[in-house]
$ cat work.txt   # compact mmCIF, C-alpha atoms
# COMPACT_ATOMS: atom_id res chain seq x y z
CA GLU A 1 9.91 -26.20 -43.37
CA THR A 2 10.50 -22.65 -42.19
CA GLY A 3 13.46 -23.39 -39.90
CA VAL A 4 11.34 -22.80 -36.80
CA THR A 5 10.38 -25.99 -34.94
CA GLN A 6 7.81 -26.20 -32.19
CA THR A 7 7.15 -29.10 -29.83
CA PRO A 8 4.85 -30.64 -28.95
CA ARG A 9 2.44 -30.24 -31.88
CA HIS A 10 -0.54 -31.07 -29.66
CA LEU A 11 -0.97 -30.81 -25.89
CA VAL A 12 -3.91 -31.55 -23.63
CA MET A 13 -3.53 -30.43 -20.03
CA GLY A 14 -5.65 -30.07 -16.94
CA MET A 15 -6.07 -26.76 -15.20
CA THR A 16 -3.75 -27.78 -12.37
CA ASN A 17 -0.96 -29.08 -14.60
CA LYS A 18 2.36 -27.47 -15.42
CA LYS A 19 3.69 -27.87 -18.93
CA SER A 20 6.12 -26.15 -21.26
CA LEU A 21 6.08 -25.37 -24.97
CA LYS A 22 9.37 -25.37 -26.82
CA CYS A 23 10.50 -23.45 -29.88
CA GLU A 24 13.81 -23.81 -31.68
CA GLN A 25 15.04 -21.85 -34.68
CA HIS A 26 17.92 -22.80 -36.94
CA LEU A 27 18.01 -19.56 -38.91
CA GLY A 28 20.52 -17.59 -36.87
CA HIS A 29 17.87 -15.02 -35.96
CA ASN A 30 18.18 -12.77 -32.93
CA ALA A 31 14.51 -12.02 -32.20
CA MET A 32 11.86 -14.55 -31.18
CA TYR A 33 8.16 -14.17 -30.51
CA TRP A 34 5.20 -15.99 -28.98
CA TYR A 35 1.77 -15.47 -30.55
CA LYS A 36 -1.63 -16.84 -29.57
CA GLN A 37 -4.12 -17.77 -32.30
CA SER A 38 -7.73 -18.26 -31.24
CA ALA A 39 -10.68 -19.00 -33.49
CA LYS A 40 -12.06 -15.95 -35.28
CA LYS A 41 -9.57 -13.57 -33.67
CA PRO A 42 -6.40 -11.99 -35.03
CA LEU A 43 -3.07 -13.45 -34.00
CA GLU A 44 -2.18 -11.88 -30.66
CA LEU A 45 1.40 -11.01 -29.84
CA MET A 46 2.28 -12.29 -26.36
CA PHE A 47 6.01 -11.87 -25.89
CA VAL A 48 8.99 -10.54 -27.79
CA TYR A 49 12.61 -11.41 -27.12
CA SER A 50 15.46 -9.56 -28.74
CA LEU A 51 19.03 -10.71 -28.13
CA GLU A 52 17.64 -13.00 -25.42
CA GLU A 53 16.08 -10.14 -23.48
CA ARG A 54 12.33 -9.74 -23.13
CA VAL A 55 11.37 -6.46 -24.70
CA GLU A 56 7.60 -6.75 -24.81
CA ASN A 57 4.90 -8.34 -22.71
CA ASN A 58 1.45 -7.56 -24.01
CA SER A 59 -0.49 -7.75 -20.75
CA VAL A 60 -0.27 -11.51 -20.71
CA PRO A 61 -1.48 -13.23 -17.50
CA SER A 62 1.26 -14.48 -15.22
CA ARG A 63 0.15 -18.08 -15.75
CA PHE A 64 2.15 -17.79 -18.99
CA SER A 65 5.87 -17.47 -18.32
CA PRO A 66 8.38 -17.19 -21.20
CA GLU A 67 12.02 -18.13 -21.09
CA CYS A 68 14.75 -17.52 -23.65
CA PRO A 69 17.96 -19.28 -22.54
CA ASN A 70 19.79 -18.49 -25.80
CA SER A 71 19.10 -16.99 -29.20
CA SER A 72 17.99 -20.32 -30.69
CA HIS A 73 15.53 -21.48 -28.06
CA LEU A 74 12.34 -20.09 -26.61
CA PHE A 75 10.04 -21.68 -24.05
CA LEU A 76 6.56 -20.89 -22.80
CA HIS A 77 5.92 -22.29 -19.33
CA LEU A 78 2.27 -22.89 -18.52
CA HIS A 79 0.64 -23.35 -15.11
CA THR A 80 -2.91 -23.25 -13.75
CA LEU A 81 -4.36 -22.42 -17.17
CA GLN A 82 -8.03 -21.84 -17.89
CA PRO A 83 -10.17 -23.45 -20.60
CA GLU A 84 -10.21 -20.12 -22.48
CA ASP A 85 -6.45 -20.46 -22.89
CA SER A 86 -7.06 -23.27 -25.36
CA ALA A 87 -5.63 -22.07 -28.68
CA LEU A 88 -2.85 -22.52 -31.21
CA TYR A 89 0.39 -21.09 -29.82
CA LEU A 90 2.80 -19.96 -32.49
CA CYS A 91 6.47 -19.17 -32.23
CA ALA A 92 8.21 -16.93 -34.74
CA SER A 93 11.69 -15.57 -35.28
CA SER A 94 13.30 -12.80 -37.29
CA GLN A 95 16.70 -11.27 -37.85
CA ASP A 96 16.28 -8.01 -35.96
CA SER A 97 12.86 -6.63 -35.31
CA GLU A 98 12.57 -5.06 -38.74
CA ARG A 99 13.04 -8.11 -40.91
CA GLU A 100 10.55 -10.72 -42.06
CA ALA A 101 9.27 -13.14 -39.43
CA PHE A 102 9.07 -16.89 -39.92
CA PHE A 103 6.59 -19.01 -38.00
CA GLY A 104 6.67 -22.51 -36.64
CA GLN A 105 3.83 -25.00 -37.09
CA GLY A 106 2.37 -24.16 -33.71
CA THR A 107 1.30 -26.13 -30.65
CA ARG A 108 -2.42 -26.87 -30.42
CA LEU A 109 -3.19 -26.53 -26.71
CA THR A 110 -6.37 -27.80 -25.13
CA VAL A 111 -7.06 -27.05 -21.46
CA VAL A 112 -9.60 -29.36 -19.84
CA GLY B 1 -1.29 1.04 -30.92
CA GLU B 2 -1.70 -0.31 -34.42
CA ASN B 3 -5.06 -1.63 -35.62
CA VAL B 4 -5.39 -3.68 -38.81
CA GLU B 5 -8.74 -4.34 -40.47
CA GLN B 6 -9.03 -7.05 -43.14
CA HIS B 7 -11.84 -7.75 -45.65
CA PRO B 8 -13.54 -9.90 -46.65
CA SER B 9 -13.56 -12.59 -43.99
CA THR B 10 -14.47 -15.21 -46.60
CA LEU B 11 -13.86 -15.06 -50.36
CA SER B 12 -14.98 -17.69 -52.84
CA VAL B 13 -13.74 -17.47 -56.45
CA GLN B 14 -13.80 -19.74 -59.46
CA GLU B 15 -10.55 -21.46 -60.35
CA GLY B 16 -8.67 -19.31 -62.81
CA ASP B 17 -10.24 -16.05 -61.64
CA SER B 18 -8.49 -13.37 -59.59
CA ALA B 19 -8.83 -12.81 -55.86
CA VAL B 20 -8.30 -9.53 -54.01
CA ILE B 21 -8.00 -9.15 -50.24
CA LYS B 22 -7.85 -5.69 -48.66
CA CYS B 23 -6.43 -4.37 -45.41
CA THR B 24 -6.32 -1.00 -43.70
CA TYR B 25 -4.04 0.11 -40.90
CA SER B 26 -4.19 2.94 -38.41
CA ASP B 27 -0.61 3.80 -37.46
CA SER B 28 1.03 6.06 -40.04
CA ALA B 29 4.41 5.01 -38.62
CA SER B 30 3.94 1.46 -39.92
CA ASN B 31 6.37 0.76 -42.72
CA TYR B 32 6.36 -3.00 -43.26
CA PHE B 33 3.39 -5.00 -44.53
CA PRO B 34 3.67 -8.79 -44.94
CA TRP B 35 1.08 -11.27 -46.11
CA TYR B 36 0.89 -14.79 -44.69
CA LYS B 37 -0.86 -17.91 -45.95
CA GLN B 38 -2.00 -20.48 -43.41
CA GLU B 39 -3.09 -23.92 -44.46
CA LEU B 40 -5.00 -26.23 -42.16
CA GLY B 41 -2.82 -27.61 -39.38
CA LYS B 42 0.16 -25.44 -40.29
CA GLY B 43 1.69 -22.21 -39.12
CA PRO B 44 1.47 -19.00 -41.18
CA GLN B 45 3.85 -18.90 -44.14
CA LEU B 46 5.16 -15.60 -45.50
CA ILE B 47 4.18 -15.28 -49.16
CA ILE B 48 4.99 -11.67 -49.99
CA ASP B 49 5.77 -8.42 -48.20
CA ILE B 50 6.12 -4.75 -49.03
CA ARG B 51 7.83 -1.83 -47.40
CA SER B 52 6.57 1.71 -47.35
CA ASN B 53 9.12 3.00 -49.85
CA VAL B 54 7.43 1.14 -52.74
CA GLY B 55 3.87 1.09 -54.02
CA GLU B 56 3.68 -2.33 -55.61
CA LYS B 57 5.51 -5.64 -55.59
CA LYS B 58 4.94 -8.77 -57.69
CA ASP B 59 6.00 -12.37 -57.38
CA GLN B 60 4.61 -14.53 -60.19
CA ARG B 61 0.83 -14.78 -59.61
CA ILE B 62 0.90 -12.75 -56.41
CA ALA B 63 1.10 -8.99 -56.07
CA VAL B 64 0.71 -6.52 -53.23
CA THR B 65 -0.13 -2.83 -53.54
CA LEU B 66 0.29 -0.14 -50.90
CA ASN B 67 -1.37 3.25 -50.61
CA LYS B 68 0.35 5.09 -47.78
CA THR B 69 -1.89 8.13 -48.01
CA ALA B 70 -5.03 6.10 -47.55
CA LYS B 71 -3.30 3.63 -45.22
CA HIS B 72 -4.43 0.56 -47.07
CA PHE B 73 -2.78 -2.35 -48.83
CA SER B 74 -4.10 -5.24 -50.89
CA LEU B 75 -3.15 -8.75 -51.94
CA HIS B 76 -3.90 -9.77 -55.52
CA ILE B 77 -3.78 -13.40 -56.66
CA THR B 78 -4.26 -14.02 -60.38
CA GLU B 79 -5.12 -17.28 -62.17
CA THR B 80 -6.16 -18.88 -58.89
CA GLN B 81 -5.54 -22.60 -58.38
CA PRO B 82 -7.00 -25.11 -55.89
CA GLU B 83 -3.80 -25.00 -53.83
CA ASP B 84 -4.40 -21.30 -53.21
CA SER B 85 -7.27 -22.27 -50.87
CA ALA B 86 -6.18 -21.24 -47.37
CA VAL B 87 -6.55 -18.48 -44.79
CA TYR B 88 -4.62 -15.32 -45.65
CA PHE B 89 -3.49 -12.79 -43.06
CA CYS B 90 -2.23 -9.29 -43.57
CA ALA B 91 -0.07 -7.59 -40.96
CA ALA B 92 1.59 -4.28 -40.26
CA ARG B 93 4.60 -3.28 -38.24
CA ALA B 94 5.99 0.08 -37.20
CA VAL B 95 9.58 0.86 -36.43
CA GLY B 96 9.91 1.34 -32.72
CA GLY B 97 12.70 1.84 -30.26
CA GLY B 98 13.05 -1.88 -29.74
CA ALA B 99 11.80 -5.15 -31.13
CA ASP B 100 8.24 -4.86 -32.42
CA GLY B 101 6.00 -7.68 -33.36
CA LEU B 102 3.39 -7.68 -36.06
CA THR B 103 -0.24 -6.59 -35.74
CA PHE B 104 -2.41 -8.95 -37.76
CA GLY B 105 -5.78 -8.71 -39.46
CA LYS B 106 -8.43 -11.32 -38.64
CA GLY B 107 -7.78 -13.31 -41.78
CA THR B 108 -9.57 -14.12 -45.03
CA HIS B 109 -10.65 -17.66 -45.81
CA LEU B 110 -10.07 -17.99 -49.56
CA ILE B 111 -11.98 -20.80 -51.25
CA ILE B 112 -11.15 -21.74 -54.82
CA GLN B 113 -14.13 -23.38 -56.52
CA PRO B 114 -13.21 -25.98 -59.18

$ encode --input "work.txt" --output "structure tokens"
Amino acid sequence: ETGVTQTPRHLVMGMTNKKSLKCEQHLGHNAMYWYKQSAKKPLELMFVYSLEERVENNSVPSRFSPECPNSSHLFLHLHTLQPEDSALYLCASSQDSEREAFFGQGTRLTVV
Amino acid sequence: GENVEQHPSTLSVQEGDSAVIKCTYSDSASNYFPWYKQELGKGPQLIIDIRSNVGEKKDQRIAVTLNKTAKHFSLHITETQPEDSAVYFCAARAVGGGADGLTFGKGTHLIIQP
């Protein structure tokens, strides 16, 4: 266990559905991240939150909407996704942006 | 932005032998280089990291070396065991004005042959 918990572990959704991914960290960290992991591609940074403020958005389509209500929780709201959005979505946290990052187990998302 | 290249994509070694995975990076401002191990169905787990003020770091059977001039760093695993089989990712991060995430390599699938 890394102290970063993601739910659900698996999610299948239709293209017209709305769903949310949840991440919770119990490490007292102040920075949280969403990454996308697709087959045969490097992990792609999607969003960065530092002290609950979004500080980076790497040209992610608006159908992905992050939310960070407090320093321990991070959400990724999903709506009208495409099949190519199917991937493993990983949450990570770190104490400040310059310290080691710890990952959750990921949510395996399948869009049908 | 930063670009990280990782080789090889697949590495098969006999149990007990050593394994070496190499990465290069493009941004000379990068100063933090972690290595992650990802087993099937799990998230990446940090196994070792190195900062730009040192050239080598060891932790039991695992070591990482950094050559800042050449902008490359390597992971060395000695006396490999079956449980070392996994996908390994290198990453690099530069110090920026705000929170920066990591730029990852594409990963190396390490296979330990019994």

$ residues_around --input "work.txt" --residues "Asn30 in chain A" --least-positions-apart "5" --cutoff "9 Å" --atoms "all atoms listed in the file" --output "list in words"
Tyr49, Ser50, Leu51, Glu52, Ser71, Ser72, Ser93, Ser94, Gln95, Asp96 and Ser97 of chain A

$ closest_atom_pairs --input "work.txt" --of "chain B" --to "chain A" --cutoff "10 Å" --atoms "all atoms listed in the file" --output "Markdown table"
| residue | atom | partner | partner_atom | distance |
| --- | --- | --- | --- | --- |
| B:Val4 | CA | A:Pro42 | CA | 9.2 |
| B:Glu5 | CA | A:Pro42 | CA | 9.7 |
| B:Gln6 | CA | A:Pro42 | CA | 9.9 |
| B:Ser9 | CA | A:Lys40 | CA | 9.5 |
| B:Asn31 | CA | A:Glu98 | CA | 9.4 |
| B:Tyr32 | CA | A:Glu98 | CA | 8.0 |
| B:Phe33 | CA | A:Glu100 | CA | 9.5 |
| B:Pro34 | CA | A:Glu100 | CA | 7.7 |
| B:Tyr36 | CA | A:Phe102 | CA | 9.7 |
| B:Gln38 | CA | A:Gln105 | CA | 9.7 |
| B:Gly41 | CA | A:Gln105 | CA | 7.5 |
| B:Lys42 | CA | A:Gln105 | CA | 4.9 |
| B:Gly43 | CA | A:Gln105 | CA | 4.1 |
| B:Pro44 | CA | A:Phe103 | CA | 6.0 |
| B:Gln45 | CA | A:Phe103 | CA | 6.7 |
| B:Leu46 | CA | A:Phe102 | CA | 6.9 |
| B:Ile48 | CA | A:Glu100 | CA | 9.7 |
| B:Asp49 | CA | A:Glu100 | CA | 8.1 |
| B:Phe89 | CA | A:Pro42 | CA | 8.6 |
| B:Cys90 | CA | A:Pro42 | CA | 9.9 |
| B:Ala91 | CA | A:Leu43 | CA | 9.6 |
| B:Arg93 | CA | A:Glu98 | CA | 8.2 |
| B:Ala94 | CA | A:Glu98 | CA | 8.5 |
| B:Val95 | CA | A:Glu98 | CA | 7.0 |
| B:Gly96 | CA | A:Ser97 | CA | 8.9 |
| B:Gly97 | CA | A:Ser97 | CA | 9.9 |
| B:Gly98 | CA | A:Val55 | CA | 7.0 |
| B:Ala99 | CA | A:Ser97 | CA | 4.6 |
| B:Asp100 | CA | A:Ser97 | CA | 5.7 |
| B:Gly101 | CA | A:Leu45 | CA | 6.7 |
| B:Leu102 | CA | A:Leu45 | CA | 7.3 |
| B:Thr103 | CA | A:Leu45 | CA | 7.6 |
| B:Phe104 | CA | A:Pro42 | CA | 5.7 |
| B:Gly105 | CA | A:Pro42 | CA | 5.5 |
| B:Lys106 | CA | A:Pro42 | CA | 4.2 |
| B:Gly107 | CA | A:Pro42 | CA | 7.0 |

$ write_last_selection --input "work.txt" --atoms "C-alpha atoms" --output "PDB file, keeping the file's coordinate frame"
ATOM      1  CA  VAL B   4      -5.390  -3.680 -38.810  1.00  0.00           C
ATOM      2  CA  GLU B   5      -8.740  -4.340 -40.470  1.00  0.00           C
ATOM      3  CA  GLN B   6      -9.030  -7.050 -43.140  1.00  0.00           C
ATOM      4  CA  SER B   9     -13.560 -12.590 -43.990  1.00  0.00           C
ATOM      5  CA  ASN B  31       6.370   0.760 -42.720  1.00  0.00           C
ATOM      6  CA  TYR B  32       6.360  -3.000 -43.260  1.00  0.00           C
ATOM      7  CA  PHE B  33       3.390  -5.000 -44.530  1.00  0.00           C
ATOM      8  CA  PRO B  34       3.670  -8.790 -44.940  1.00  0.00           C
ATOM      9  CA  TYR B  36       0.890 -14.790 -44.690  1.00  0.00           C
ATOM     10  CA  GLN B  38      -2.000 -20.480 -43.410  1.00  0.00           C
ATOM     11  CA  GLY B  41      -2.820 -27.610 -39.380  1.00  0.00           C
ATOM     12  CA  LYS B  42       0.160 -25.440 -40.290  1.00  0.00           C
ATOM     13  CA  GLY B  43       1.690 -22.210 -39.120  1.00  0.00           C
ATOM     14  CA  PRO B  44       1.470 -19.000 -41.180  1.00  0.00           C
ATOM     15  CA  GLN B  45       3.850 -18.900 -44.140  1.00  0.00           C
ATOM     16  CA  LEU B  46       5.160 -15.600 -45.500  1.00  0.00           C
ATOM     17  CA  ILE B  48       4.990 -11.670 -49.990  1.00  0.00           C
ATOM     18  CA  ASP B  49       5.770  -8.420 -48.200  1.00  0.00           C
ATOM     19  CA  PHE B  89      -3.490 -12.790 -43.060  1.00  0.00           C
ATOM     20  CA  CYS B  90      -2.230  -9.290 -43.570  1.00  0.00           C
ATOM     21  CA  ALA B  91      -0.070  -7.590 -40.960  1.00  0.00           C
ATOM     22  CA  ARG B  93       4.600  -3.280 -38.240  1.00  0.00           C
ATOM     23  CA  ALA B  94       5.990   0.080 -37.200  1.00  0.00           C
ATOM     24  CA  VAL B  95       9.580   0.860 -36.430  1.00  0.00           C
ATOM     25  CA  GLY B  96       9.910   1.340 -32.720  1.00  0.00           C
ATOM     26  CA  GLY B  97      12.700   1.840 -30.260  1.00  0.00           C
ATOM     27  CA  GLY B  98      13.050  -1.880 -29.740  1.00  0.00           C
ATOM     28  CA  ALA B  99      11.800  -5.150 -31.130  1.00  0.00           C
ATOM     29  CA  ASP B 100       8.240  -4.860 -32.420  1.00  0.00           C
ATOM     30  CA  GLY B 101       6.000  -7.680 -33.360  1.00  0.00           C
ATOM     31  CA  LEU B 102       3.390  -7.680 -36.060  1.00  0.00           C
ATOM     32  CA  THR B 103      -0.240  -6.590 -35.740  1.00  0.00           C
ATOM     33  CA  PHE B 104      -2.410  -8.950 -37.760  1.00  0.00           C
ATOM     34  CA  GLY B 105      -5.780  -8.710 -39.460  1.00  0.00           C
ATOM     35  CA  LYS B 106      -8.430 -11.320 -38.640  1.00  0.00           C
ATOM     36  CA  GLY B 107      -7.780 -13.310 -41.780  1.00  0.00           C
TER      37      GLY B 107
END

$ residues_around --input "work.txt" --residues "range 16-20 of chain B" --least-positions-apart "4" --cutoff "9 Å" --atoms "all atoms listed in the file" --output "number ranges by chain"
B: 11-12, 74-81, 110, 112, 114

$ closest_residue --input "work.txt" --among "A:Thr16, A:Ser86, A:Ser59, A:Gln6" --to "Thr110 in chain A" --atoms "all atoms listed in the file"
A:Ser86

$ residues_around --input "work.txt" --residues "Leu66 in chain B" --least-positions-apart "2" --cutoff "8 Å" --atoms "only C-alpha atoms" --output "JSON, numbers by chain"
{"B": [50, 52, 54, 55, 56, 64, 68, 71, 72, 73, 74]}

$ build_atoms --input "work.txt" --residues "range 68-94 of chain A" --atoms "N, CA, C and O atoms" --output "mmCIF file, keeping the file's coordinate frame"
data_model
loop_
_atom_site.group_PDB
_atom_site.id
_atom_site.type_symbol
_atom_site.label_atom_id
_atom_site.label_comp_id
_atom_site.auth_asym_id
_atom_site.auth_seq_id
_atom_site.Cartn_x
_atom_site.Cartn_y
_atom_site.Cartn_z
ATOM 1 N N CYS A 68 13.908 -17.492 -22.458
ATOM 2 C CA CYS A 68 14.750 -17.520 -23.650
ATOM 3 C C CYS A 68 16.200 -17.749 -23.200
ATOM 4 O O CYS A 68 16.922 -16.776 -22.954
ATOM 5 N N PRO A 69 16.622 -18.998 -23.078
ATOM 6 C CA PRO A 69 17.960 -19.280 -22.540
ATOM 7 C C PRO A 69 19.093 -18.914 -23.501
ATOM 8 O O PRO A 69 20.216 -18.663 -23.059
ATOM 9 N N ASN A 70 18.796 -18.905 -24.803
ATOM 10 C CA ASN A 70 19.790 -18.490 -25.800
ATOM 11 C C ASN A 70 19.046 -18.069 -27.062
ATOM 12 O O ASN A 70 17.813 -18.194 -27.136
ATOM 13 N N SER A 71 19.751 -17.586 -28.033
ATOM 14 C CA SER A 71 19.100 -16.990 -29.200
ATOM 15 C C SER A 71 18.379 -18.014 -30.071
ATOM 16 O O SER A 71 17.598 -17.630 -30.938
ATOM 17 N N SER A 72 18.614 -19.298 -29.847
ATOM 18 C CA SER A 72 17.990 -20.320 -30.690
ATOM 19 C C SER A 72 16.774 -20.978 -30.054
ATOM 20 O O SER A 72 16.042 -21.685 -30.735
ATOM 21 N N HIS A 73 16.585 -20.767 -28.771
ATOM 22 C CA HIS A 73 15.530 -21.480 -28.060
ATOM 23 C C HIS A 73 14.610 -20.522 -27.302
ATOM 24 O O HIS A 73 15.055 -19.536 -26.719
ATOM 25 N N LEU A 74 13.343 -20.871 -27.316
ATOM 26 C CA LEU A 74 12.340 -20.090 -26.610
ATOM 27 C C LEU A 74 11.350 -21.066 -25.993
ATOM 28 O O LEU A 74 10.917 -22.024 -26.644
ATOM 29 N N PHE A 75 11.003 -20.821 -24.736
ATOM 30 C CA PHE A 75 10.040 -21.680 -24.050
ATOM 31 C C PHE A 75 8.852 -20.829 -23.588
ATOM 32 O O PHE A 75 8.969 -19.624 -23.365
ATOM 33 N N LEU A 76 7.725 -21.512 -23.431
ATOM 34 C CA LEU A 76 6.560 -20.890 -22.800
ATOM 35 C C LEU A 76 6.086 -21.854 -21.719
ATOM 36 O O LEU A 76 5.594 -22.939 -22.016
ATOM 37 N N HIS A 77 6.304 -21.446 -20.471
ATOM 38 C CA HIS A 77 5.920 -22.290 -19.330
ATOM 39 C C HIS A 77 4.469 -21.979 -18.954
ATOM 40 O O HIS A 77 4.092 -20.802 -18.854
ATOM 41 N N LEU A 78 3.702 -23.039 -18.760
ATOM 42 C CA LEU A 78 2.270 -22.890 -18.520
ATOM 43 C C LEU A 78 1.909 -23.487 -17.154
ATOM 44 O O LEU A 78 2.360 -24.584 -16.819
ATOM 45 N N HIS A 79 1.112 -22.772 -16.376
ATOM 46 C CA HIS A 79 0.640 -23.350 -15.110
ATOM 47 C C HIS A 79 -0.703 -22.744 -14.733
ATOM 48 O O HIS A 79 -0.951 -21.568 -14.949
ATOM 49 N N THR A 80 -1.540 -23.598 -14.163
ATOM 50 C CA THR A 80 -2.910 -23.250 -13.750
ATOM 51 C C THR A 80 -3.651 -22.488 -14.848
ATOM 52 O O THR A 80 -4.187 -21.391 -14.635
ATOM 53 N N LEU A 81 -3.667 -23.064 -16.038
ATOM 54 C CA LEU A 81 -4.360 -22.420 -17.170
ATOM 55 C C LEU A 81 -5.868 -22.599 -17.054
ATOM 56 O O LEU A 81 -6.365 -23.432 -16.282
ATOM 57 N N GLN A 82 -6.570 -21.812 -17.835
ATOM 58 C CA GLN A 82 -8.030 -21.840 -17.890
ATOM 59 C C GLN A 82 -8.473 -22.405 -19.238
ATOM 60 O O GLN A 82 -7.725 -22.336 -20.223
ATOM 61 N N PRO A 83 -9.697 -22.918 -19.308
ATOM 62 C CA PRO A 83 -10.170 -23.450 -20.600
ATOM 63 C C PRO A 83 -10.087 -22.431 -21.738
ATOM 64 O O PRO A 83 -9.828 -22.809 -22.883
ATOM 65 N N GLU A 84 -10.273 -21.145 -21.426
ATOM 66 C CA GLU A 84 -10.210 -20.120 -22.480
ATOM 67 C C GLU A 84 -8.796 -19.894 -23.013
ATOM 68 O O GLU A 84 -8.593 -19.168 -23.992
ATOM 69 N N ASP A 85 -7.819 -20.531 -22.384
ATOM 70 C CA ASP A 85 -6.450 -20.460 -22.890
ATOM 71 C C ASP A 85 -6.207 -21.469 -24.002
ATOM 72 O O ASP A 85 -5.133 -21.466 -24.629
ATOM 73 N N SER A 86 -7.178 -22.322 -24.259
ATOM 74 C CA SER A 86 -7.060 -23.270 -25.360
ATOM 75 C C SER A 86 -6.937 -22.498 -26.678
ATOM 76 O O SER A 86 -7.768 -21.627 -26.967
ATOM 77 N N ALA A 87 -5.909 -22.811 -27.440
ATOM 78 C CA ALA A 87 -5.630 -22.070 -28.680
ATOM 79 C C ALA A 87 -4.437 -22.708 -29.381
ATOM 80 O O ALA A 87 -3.846 -23.664 -28.877
ATOM 81 N N LEU A 88 -4.087 -22.137 -30.518
ATOM 82 C CA LEU A 88 -2.850 -22.520 -31.210
ATOM 83 C C LEU A 88 -1.782 -21.499 -30.807
ATOM 84 O O LEU A 88 -1.982 -20.292 -30.972
ATOM 85 N N TYR A 89 -0.689 -21.978 -30.250
ATOM 86 C CA TYR A 89 0.390 -21.090 -29.820
ATOM 87 C C TYR A 89 1.514 -21.182 -30.851
ATOM 88 O O TYR A 89 2.056 -22.251 -31.117
ATOM 89 N N LEU A 90 1.836 -20.031 -31.404
ATOM 90 C CA LEU A 90 2.800 -19.960 -32.490
ATOM 91 C C LEU A 90 4.061 -19.237 -32.048
ATOM 92 O O LEU A 90 4.007 -18.201 -31.388
ATOM 93 N N CYS A 91 5.176 -19.798 -32.445
ATOM 94 C CA CYS A 91 6.470 -19.170 -32.230
ATOM 95 C C CYS A 91 6.941 -18.619 -33.563
ATOM 96 O O CYS A 91 6.662 -19.192 -34.626
ATOM 97 N N ALA A 92 7.641 -17.501 -33.529
ATOM 98 C CA ALA A 92 8.210 -16.930 -34.740
ATOM 99 C C ALA A 92 9.586 -16.365 -34.429
ATOM 100 O O ALA A 92 9.916 -16.109 -33.263
ATOM 101 N N SER A 93 10.389 -16.194 -35.466
ATOM 102 C CA SER A 93 11.690 -15.570 -35.280
ATOM 103 C C SER A 93 11.977 -14.651 -36.455
ATOM 104 O O SER A 93 11.392 -14.790 -37.534
ATOM 105 N N SER A 94 12.875 -13.696 -36.225
ATOM 106 C CA SER A 94 13.300 -12.800 -37.290
ATOM 107 C C SER A 94 14.718 -12.325 -36.996
ATOM 108 O O SER A 94 15.195 -12.408 -35.853
#
